[in-house]
file protein.txt (compact mmCIF, C-alpha atoms)
# COMPACT_ATOMS: atom_id res chain seq x y z
CA MET A 1 64.74 31.20 121.96
CA PHE A 2 63.66 31.69 125.59
CA LYS A 3 60.60 30.63 127.53
CA THR A 4 58.73 33.71 128.81
CA THR A 5 59.76 33.20 132.47
CA ASP A 6 63.40 32.52 131.50
CA ARG A 7 63.41 35.64 129.39
CA ARG A 8 61.93 37.72 132.22
CA ILE A 9 64.53 36.48 134.72
CA TRP A 10 67.28 37.09 132.17
CA ILE A 11 66.16 40.72 131.76
CA GLU A 12 66.00 41.21 135.54
CA ASN A 13 69.50 39.76 135.94
CA LEU A 14 70.75 42.01 133.15
CA ALA A 15 69.21 45.02 134.94
CA PHE A 16 70.99 44.03 138.17
CA VAL A 17 74.40 43.57 136.51
CA SER A 18 74.03 46.78 134.47
CA ALA A 19 73.29 48.80 137.62
CA LEU A 20 76.19 47.05 139.37
CA PHE A 21 78.42 48.37 136.55
CA ILE A 22 76.87 51.84 136.05
CA ALA A 23 76.41 53.02 139.67
CA PRO A 24 80.13 52.70 140.54
CA MET A 25 81.03 54.36 137.21
CA LEU A 26 78.96 57.42 138.18
CA PHE A 27 80.08 57.57 141.82
CA VAL A 28 83.77 56.58 141.67
CA ARG A 29 84.88 60.23 141.35
CA PRO A 30 82.36 61.95 143.71
CA LEU A 31 83.11 59.34 146.40
CA ASN A 32 86.86 59.58 145.76
CA ILE A 33 87.33 55.81 145.39
CA GLY A 34 90.94 54.66 144.91
CA PRO A 35 92.25 52.49 142.06
CA THR A 36 91.92 48.68 142.05
CA HIS A 37 95.72 48.12 142.18
CA ALA A 38 95.14 45.06 139.99
CA SER A 39 98.12 43.14 138.61
CA GLU A 40 99.39 44.36 135.22
CA ASN A 41 100.38 40.81 134.28
CA VAL A 42 97.81 39.76 131.67
CA ILE A 43 98.49 36.02 132.12
CA VAL A 44 98.06 36.19 135.91
CA VAL A 45 94.84 38.18 135.60
CA ALA A 46 93.41 35.93 132.85
CA ILE A 47 94.14 32.70 134.76
CA ALA A 48 92.62 34.19 137.92
CA GLY A 49 89.52 35.28 135.99
CA LEU A 50 89.04 31.81 134.48
CA ALA A 51 89.40 30.17 137.92
CA VAL A 52 86.94 32.61 139.52
CA GLY A 53 84.37 32.19 136.73
CA PHE A 54 84.61 28.40 136.60
CA GLY A 55 84.69 28.04 140.40
CA THR A 56 81.70 30.26 141.18
CA ARG A 57 79.62 28.51 138.54
CA LEU A 58 80.58 25.01 139.68
CA ALA A 59 80.00 25.87 143.35
CA ASN A 60 76.82 27.85 142.57
CA GLY A 61 77.99 30.93 144.42
CA CYS A 62 80.80 33.21 145.55
CA THR A 63 81.52 35.69 148.35
CA SER A 64 78.06 37.23 148.07
CA GLY A 65 76.04 34.08 147.43
CA HIS A 66 77.64 31.61 149.84
CA GLY A 67 79.36 34.06 152.18
CA VAL A 68 76.81 36.82 152.76
CA CYS A 69 73.48 35.24 151.71
CA GLY A 70 74.28 31.63 152.67
CA ILE A 71 75.91 32.03 156.07
CA SER A 72 73.28 34.59 157.14
CA ARG A 73 70.61 31.87 156.78
CA PHE A 74 72.91 29.39 158.55
CA SER A 75 73.25 27.20 155.45
CA LEU A 76 75.78 24.39 155.86
CA ARG A 77 76.61 24.60 152.13
CA GLY A 78 77.33 28.33 152.51
CA ILE A 79 79.55 27.79 155.55
CA ALA A 80 81.46 24.91 153.90
CA ALA A 81 81.96 26.86 150.65
CA THR A 82 83.14 29.98 152.50
CA MET A 83 85.67 28.01 154.56
CA ALA A 84 86.91 26.29 151.38
CA TYR A 85 87.40 29.48 149.34
CA ILE A 86 88.94 31.53 152.16
CA LEU A 87 91.41 28.71 152.88
CA ALA A 88 92.16 28.28 149.15
CA GLY A 89 92.55 32.07 148.83
CA ALA A 90 94.96 32.20 151.77
CA VAL A 91 97.03 29.32 150.32
CA SER A 92 96.92 31.02 146.91
CA VAL A 93 98.37 34.24 148.39
CA VAL A 94 101.08 32.26 150.19
CA VAL A 95 102.05 30.39 146.99
CA PHE A 96 101.79 33.19 144.43
CA LYS A 97 102.95 36.10 146.60
CA HIS A 98 105.37 34.68 149.12
CA LEU A 99 106.76 31.62 147.31
CA LEU A 100 106.62 32.53 143.59
CA GLY A 101 106.49 36.35 143.83
CA ALA A 102 103.98 36.43 140.95
CA ILE A 103 101.77 39.07 142.62
CA MET B 1 58.48 46.66 139.27
CA ARG B 2 60.85 43.67 139.49
CA ILE B 3 63.18 45.32 136.98
CA LEU B 4 63.21 48.52 139.06
CA ILE B 5 64.04 46.53 142.21
CA SER B 6 66.84 44.74 140.29
CA LEU B 7 68.28 48.10 139.18
CA VAL B 8 68.17 49.60 142.69
CA SER B 9 69.65 46.43 144.24
CA GLY B 10 72.47 46.30 141.69
CA ALA B 11 73.28 49.99 142.22
CA LEU B 12 73.28 49.63 146.03
CA PHE B 13 75.45 46.49 145.81
CA GLY B 14 77.92 48.27 143.51
CA LEU B 15 78.19 51.35 145.71
CA GLY B 16 78.62 49.18 148.81
CA LEU B 17 81.43 47.25 147.15
CA ILE B 18 83.42 50.32 146.07
CA ILE B 19 82.92 52.19 149.37
CA SER B 20 83.90 49.18 151.50
CA GLY B 21 87.17 48.58 149.61
CA MET B 22 86.19 45.26 148.03
CA THR B 23 87.39 46.59 144.65
CA ASP B 24 90.89 47.27 146.00
CA THR B 25 92.77 44.09 145.09
CA LYS B 26 95.67 44.88 147.43
CA LYS B 27 93.26 45.19 150.35
CA VAL B 28 91.53 41.90 149.46
CA GLN B 29 94.86 40.11 149.11
CA GLY B 30 95.94 41.62 152.44
CA TRP B 31 92.82 40.15 154.00
CA LEU B 32 93.56 36.74 152.50
CA ASP B 33 97.19 36.97 153.65
CA ILE B 34 96.33 35.17 156.89
CA PHE B 35 99.76 33.52 157.04
CA GLY B 36 101.61 36.80 156.27
CA GLU B 37 100.85 40.45 157.03
CA TRP B 38 97.14 39.96 157.68
CA ASP B 39 94.83 42.96 157.27
CA PRO B 40 91.62 41.95 159.10
CA THR B 41 89.52 45.01 158.15
CA LEU B 42 87.52 43.32 155.37
CA ALA B 43 86.13 40.84 157.91
CA PHE B 44 84.00 43.76 159.10
CA VAL B 45 82.63 44.21 155.58
CA MET B 46 81.53 40.58 155.40
CA GLY B 47 80.25 40.61 158.98
CA GLY B 48 78.53 43.94 158.40
CA ALA B 49 76.84 42.57 155.28
CA MET B 50 75.71 39.41 157.07
CA LEU B 51 73.99 41.21 159.96
CA PRO B 52 71.19 42.86 157.94
CA MET B 53 70.87 39.62 155.95
CA VAL B 54 70.27 37.58 159.14
CA ILE B 55 67.45 39.99 160.00
CA ALA B 56 66.16 39.93 156.41
CA TRP B 57 66.03 36.10 156.28
CA LYS B 58 64.22 36.07 159.66
CA ALA B 59 61.70 38.58 158.29
CA THR B 60 61.01 36.45 155.21
CA GLN B 61 59.89 33.51 157.34
CA VAL B 62 56.56 35.09 158.29
CA ARG B 63 55.99 37.11 155.11
CA THR B 64 55.32 36.64 151.42
CA PRO B 65 57.21 38.72 148.83
CA LEU B 66 55.44 41.64 147.07
CA THR B 67 56.50 40.70 143.55
CA ALA B 68 56.78 36.88 143.63
CA ASP B 69 55.02 33.79 144.99
CA LYS B 70 57.67 32.88 147.54
CA PHE B 71 61.17 33.70 148.76
CA PRO B 72 64.01 31.52 147.42
CA ALA B 73 64.34 28.25 149.34
CA ALA B 74 67.74 27.12 150.61
CA ASN B 75 69.56 24.59 148.44
CA THR B 76 69.04 21.18 150.03
CA ALA B 77 71.73 19.43 147.97
CA GLY B 78 74.07 19.16 150.94
CA ILE B 79 77.84 19.56 150.82
CA ASP B 80 78.94 17.86 147.60
CA ARG B 81 82.08 17.56 145.48
CA ASP B 82 81.17 20.36 143.05
CA LEU B 83 80.60 22.81 145.91
CA ILE B 84 84.03 22.21 147.42
CA ILE B 85 86.02 21.89 144.14
CA GLY B 86 84.30 24.99 142.76
CA SER B 87 84.98 26.97 145.93
CA VAL B 88 88.64 25.93 145.88
CA PHE B 89 89.01 27.11 142.24
CA PHE B 90 87.25 30.35 143.13
CA GLY B 91 89.49 30.87 146.17
CA ILE B 92 92.68 30.31 144.15
CA GLY B 93 91.58 32.90 141.56
CA TRP B 94 90.40 35.31 144.24
CA GLY B 95 93.77 35.17 145.99
CA LEU B 96 95.70 35.45 142.72
CA ALA B 97 93.93 38.59 141.42
CA GLY B 98 92.15 39.95 144.50
CA LEU B 99 88.85 40.19 142.64
CA CYS B 100 85.62 38.23 143.00
CA PRO B 101 82.65 38.47 140.60
CA GLY B 102 80.71 41.38 142.18
CA PRO B 103 83.70 43.73 142.57
CA ALA B 104 84.98 42.66 139.11
CA ILE B 105 81.82 44.09 137.51
CA ALA B 106 81.63 47.06 139.91
CA SER B 107 85.22 48.14 139.09
CA LEU B 108 84.98 47.48 135.35
CA SER B 109 84.57 51.19 134.53
CA PHE B 110 87.69 52.32 136.41
CA GLY B 111 89.83 49.16 136.71
CA GLY B 112 91.77 49.65 133.46
CA SER B 113 92.73 46.89 131.02
CA SER B 114 93.49 44.36 133.81
CA GLY B 115 89.90 44.66 134.99
CA VAL B 116 88.58 44.07 131.48
CA VAL B 117 90.84 41.03 130.99
CA PHE B 118 89.76 39.60 134.37
CA ALA B 119 86.03 40.11 133.73
CA SER B 120 86.27 38.66 130.21
CA ALA B 121 88.15 35.58 131.45
CA MET B 122 85.64 35.23 134.29
CA ILE B 123 82.69 35.24 131.87
CA ILE B 124 84.45 32.71 129.60
CA GLY B 125 85.03 30.53 132.68
CA MET B 126 81.37 30.80 133.68
CA LEU B 127 80.09 30.02 130.18
CA SER B 128 82.35 26.98 129.75
CA THR B 129 81.57 25.42 133.15
CA ARG B 130 78.48 23.44 132.11
CA ARG B 131 80.21 22.25 128.93
CA LEU B 132 83.27 21.08 130.89
CA GLN B 133 81.01 19.34 133.39
CA THR B 134 79.15 17.36 130.72
CA PHE B 135 82.48 16.56 129.03
CA PHE B 136 83.98 15.15 132.22
CA SER B 137 80.84 13.28 133.27
CA LYS B 138 80.77 11.67 129.82
CA THR B 139 84.39 10.51 129.99
CA GLU B 140 83.87 9.21 133.54
CA ASN B 141 80.81 7.21 132.55
CA THR B 142 82.29 5.73 129.38
CA PRO B 143 82.75 1.99 129.96
CA LYS B 144 86.37 0.96 129.44
CA THR B 145 85.49 -2.40 127.90
CA LEU B 146 82.47 -3.13 125.80
CA PRO B 147 79.98 -5.52 127.36

call {"tool": "encode", "arguments": {"input": "protein.txt", "output": "structure tokens"}}
result
Amino acid sequence: MFKTTDRRIWIENLAFVSALFIAPMLFVRPLNIGPTHASENVIVVAIAGLAVGFGTRLANGCTSGHGVCGISRFSLRGIAATMAYILAGAVSVVVFKHLLGAI
Amino acid sequence: MRILISLVSGALFGLGLIISGMTDTKKVQGWLDIFGEWDPTLAFVMGGAMLPMVIAWKATQVRTPLTADKFPAANTAGIDRDLIIGSVFFGIGWGLAGLCPGPAIASLSFGGSSGVVFASAMIIGMLSTRRLQTFFSKTENTPKTLP
């Protein structure tokens, strides 16, 4: 199914994502971390999730990839992507919060 | 060894995200509310994360990694349509829910059903991207009249 190198990278990525899930689960109480305050509206949350998943994959990166890792190596792609998603995010908040009152 | 490094990195990333407030959707939306009641505090999280990364990238220039042949090279593709359209889609979703991929996974254990719905939709979006891309490139390239 996989080539050996693909399989190895897949396992490493799985280890990273698992730890990203498990470490907060263990430390959310000891560190007294507050709730996410996420919207209860299933449709809003599902549409947002689809847009985030599709967008990060199409752009090859998100806040961490383009924002933190890209800008820190002065990558033009990282800077352009970060400006685009922060601007789109700001417009999104204006439209959905202030104009439509959906969030 | 590489698996151990992946585990430690993922755990550190997750703890950093929950401590810094990146999993609090109201805080993220407050930061994106540039044209409303702007809460600038998360800029320090991004700036604070970039500083060690600037030093780290500098350090990689004169070194070779312990567990690989070379450090990842920067993408030389340049600013293209996919980068901007993808980022715009991501930004719209980020503003709408206040979650981006890292914090979505980090808060999955305590974010309730909304968090599960968001993460599931996000994964569906990620998995369907390549399929949508090939679909659209096919329809674009289809000649309208036969030669």

call {"tool": "interface_residues", "arguments": {"input": "protein.txt", "of": "chain A", "to": "chain B", "cutoff": "6 Å", "atoms": "all atoms listed in the file", "output": "number ranges by chain"}}
result
A: 12, 15-16, 19-21, 23-25, 36-38, 45-46, 48-59, 68, 72, 77, 81, 84-85, 88-90, 92-93

call {"tool": "axis_aligned_box", "arguments": {"input": "protein.txt", "around": "segment 45-64 of chain A", "padding_each_side": "6 Å", "output": "lines of an AutoDock Vina configuration file"}}
result
center_x = 85.8
center_y = 31.6
center_z = 140.6
size_x = 30.0
size_y = 25.2
size_z = 27.5

call {"tool": "atom_distance", "arguments": {"input": "protein.txt", "atom1": "atom CA of Phe44 of chain B", "atom2": "atom CA of Val95 of chain A"}}
result
25.5 Å

call {"tool": "atom_distance", "arguments": {"input": "protein.txt", "atom1": "atom CA of Phe96 of chain A", "atom2": "atom CA of Ile71 of chain A"}}
result
28.4 Å

call {"tool": "atom_distance", "arguments": {"input": "protein.txt", "atom1": "atom CA of Ala43 of chain B", "atom2": "atom CA of Thr63 of chain A"}}
result
11.8 Å

call {"tool": "closest_residue", "arguments": {"input": "protein.txt", "among": "A:Arg73, A:Arg29, A:Lys97, A:Arg8", "to": "Met1 of chain B", "atoms": "only C-alpha atoms"}}
result
A:Arg8

call {"tool": "decode", "arguments": {"input": "protein.txt", "residues": "segment 5-111 of chain B", "atoms": "C-alpha atoms", "output": "mmCIF file, in the first residue's frame"}}
result
data_model
loop_
_atom_site.group_PDB
_atom_site.id
_atom_site.type_symbol
_atom_site.label_atom_id
_atom_site.label_comp_id
_atom_site.auth_asym_id
_atom_site.auth_seq_id
_atom_site.Cartn_x
_atom_site.Cartn_y
_atom_site.Cartn_z
ATOM 1 C CA ILE B 5 11.118 13.673 18.302
ATOM 2 C CA SER B 6 7.696 13.791 16.567
ATOM 3 C CA LEU B 7 5.958 12.876 19.841
ATOM 4 C CA VAL B 8 7.847 15.487 21.885
ATOM 5 C CA SER B 9 7.304 18.175 19.211
ATOM 6 C CA GLY B 10 3.579 17.428 18.992
ATOM 7 C CA ALA B 11 3.209 17.530 22.783
ATOM 8 C CA LEU B 12 5.137 20.823 23.069
ATOM 9 C CA PHE B 13 3.090 22.342 20.219
ATOM 10 C CA GLY B 14 -0.166 21.249 21.870
ATOM 11 C CA LEU B 15 0.763 22.621 25.285
ATOM 12 C CA GLY B 16 1.930 25.896 23.727
ATOM 13 C CA LEU B 17 -1.375 26.267 21.892
ATOM 14 C CA ILE B 18 -3.587 25.704 24.948
ATOM 15 C CA ILE B 19 -1.445 27.874 27.269
ATOM 16 C CA SER B 20 -1.269 30.770 24.797
ATOM 17 C CA GLY B 21 -5.052 30.903 24.279
ATOM 18 C CA MET B 22 -5.068 29.753 20.648
ATOM 19 C CA THR B 23 -7.789 27.211 21.529
ATOM 20 C CA ASP B 24 -10.110 29.946 22.834
ATOM 21 C CA THR B 25 -12.252 30.744 19.792
ATOM 22 C CA LYS B 26 -13.559 33.996 21.296
ATOM 23 C CA LYS B 27 -9.996 35.212 21.801
ATOM 24 C CA VAL B 28 -9.014 34.280 18.233
ATOM 25 C CA GLN B 29 -12.094 35.991 16.816
ATOM 26 C CA GLY B 30 -11.316 39.031 18.977
ATOM 27 C CA TRP B 31 -7.857 39.113 17.430
ATOM 28 C CA LEU B 32 -9.318 38.909 13.926
ATOM 29 C CA ASP B 33 -11.866 41.620 14.772
ATOM 30 C CA ILE B 34 -9.510 44.307 13.449
ATOM 31 C CA PHE B 35 -12.427 46.458 12.265
ATOM 32 C CA GLY B 36 -14.355 46.041 15.565
ATOM 33 C CA GLU B 37 -13.251 45.568 19.179
ATOM 34 C CA TRP B 38 -9.727 44.398 18.369
ATOM 35 C CA ASP B 39 -7.888 42.301 20.966
ATOM 36 C CA PRO B 40 -4.208 42.475 19.905
ATOM 37 C CA THR B 41 -2.827 40.012 22.489
ATOM 38 C CA LEU B 42 -2.540 37.017 20.138
ATOM 39 C CA ALA B 43 -0.101 38.986 17.973
ATOM 40 C CA PHE B 44 2.396 38.358 20.772
ATOM 41 C CA VAL B 45 1.801 34.607 20.463
ATOM 42 C CA MET B 46 2.597 34.655 16.749
ATOM 43 C CA GLY B 47 5.507 37.054 17.231
ATOM 44 C CA GLY B 48 6.753 35.033 20.187
ATOM 45 C CA ALA B 49 6.610 31.844 18.128
ATOM 46 C CA MET B 50 8.438 33.444 15.196
ATOM 47 C CA LEU B 51 11.415 34.681 17.245
ATOM 48 C CA PRO B 52 12.836 31.256 18.189
ATOM 49 C CA MET B 53 12.049 30.070 14.650
ATOM 50 C CA VAL B 54 14.140 32.893 13.114
ATOM 51 C CA ILE B 55 17.058 31.741 15.285
ATOM 52 C CA ALA B 56 16.346 28.082 14.466
ATOM 53 C CA TRP B 57 16.330 28.691 10.688
ATOM 54 C CA LYS B 58 19.598 30.664 11.004
ATOM 55 C CA ALA B 59 21.124 27.752 12.933
ATOM 56 C CA THR B 60 20.122 25.237 10.254
ATOM 57 C CA GLN B 61 22.118 27.093 7.600
ATOM 58 C CA VAL B 62 25.492 25.940 8.908
ATOM 59 C CA ARG B 63 24.414 22.551 10.290
ATOM 60 C CA THR B 64 23.117 19.194 9.138
ATOM 61 C CA PRO B 65 20.216 17.503 10.963
ATOM 62 C CA LEU B 66 20.905 14.554 13.314
ATOM 63 C CA THR B 67 18.191 12.286 11.933
ATOM 64 C CA ALA B 68 17.926 13.275 8.238
ATOM 65 C CA ASP B 69 20.071 14.185 5.240
ATOM 66 C CA LYS B 70 19.060 17.829 5.081
ATOM 67 C CA PHE B 71 16.678 20.420 6.508
ATOM 68 C CA PRO B 72 13.511 21.132 4.479
ATOM 69 C CA ALA B 73 14.136 23.586 1.639
ATOM 70 C CA ALA B 74 11.831 26.558 1.146
ATOM 71 C CA ASN B 75 9.111 26.135 -1.474
ATOM 72 C CA THR B 76 10.310 27.919 -4.610
ATOM 73 C CA ALA B 77 6.918 27.855 -6.350
ATOM 74 C CA GLY B 78 6.395 31.577 -5.842
ATOM 75 C CA ILE B 79 3.088 33.244 -5.022
ATOM 76 C CA ASP B 80 0.479 31.412 -7.093
ATOM 77 C CA ARG B 81 -3.304 31.220 -7.374
ATOM 78 C CA ASP B 82 -3.699 28.145 -5.147
ATOM 79 C CA LEU B 83 -1.716 29.789 -2.336
ATOM 80 C CA ILE B 84 -3.927 32.875 -2.268
ATOM 81 C CA ILE B 85 -7.301 31.148 -2.893
ATOM 82 C CA GLY B 86 -6.462 28.493 -0.290
ATOM 83 C CA SER B 87 -5.418 31.111 2.255
ATOM 84 C CA VAL B 88 -8.612 33.088 1.657
ATOM 85 C CA PHE B 89 -10.748 29.945 2.248
ATOM 86 C CA PHE B 90 -8.723 29.174 5.362
ATOM 87 C CA GLY B 91 -9.108 32.743 6.646
ATOM 88 C CA ILE B 92 -12.896 32.718 6.138
ATOM 89 C CA GLY B 93 -13.212 29.457 8.112
ATOM 90 C CA TRP B 94 -10.792 30.647 10.778
ATOM 91 C CA GLY B 95 -12.818 33.813 11.325
ATOM 92 C CA LEU B 96 -16.131 31.941 11.286
ATOM 93 C CA ALA B 97 -15.208 29.336 13.933
ATOM 94 C CA GLY B 98 -12.087 30.784 15.573
ATOM 95 C CA LEU B 99 -10.182 27.533 15.105
ATOM 96 C CA CYS B 100 -7.244 26.656 12.862
ATOM 97 C CA PRO B 101 -5.892 23.112 12.342
ATOM 98 C CA GLY B 102 -3.372 22.904 15.232
ATOM 99 C CA PRO B 103 -5.706 24.224 17.949
ATOM 100 C CA ALA B 104 -8.582 22.146 16.477
ATOM 101 C CA ILE B 105 -6.642 18.944 17.235
ATOM 102 C CA ALA B 106 -5.211 20.274 20.523
ATOM 103 C CA SER B 107 -8.701 21.131 21.858
ATOM 104 C CA LEU B 108 -10.405 17.978 20.559
ATOM 105 C CA SER B 109 -10.393 16.321 24.007
ATOM 106 C CA PHE B 110 -12.115 19.223 25.801
ATOM 107 C CA GLY B 111 -13.868 21.172 23.009
#
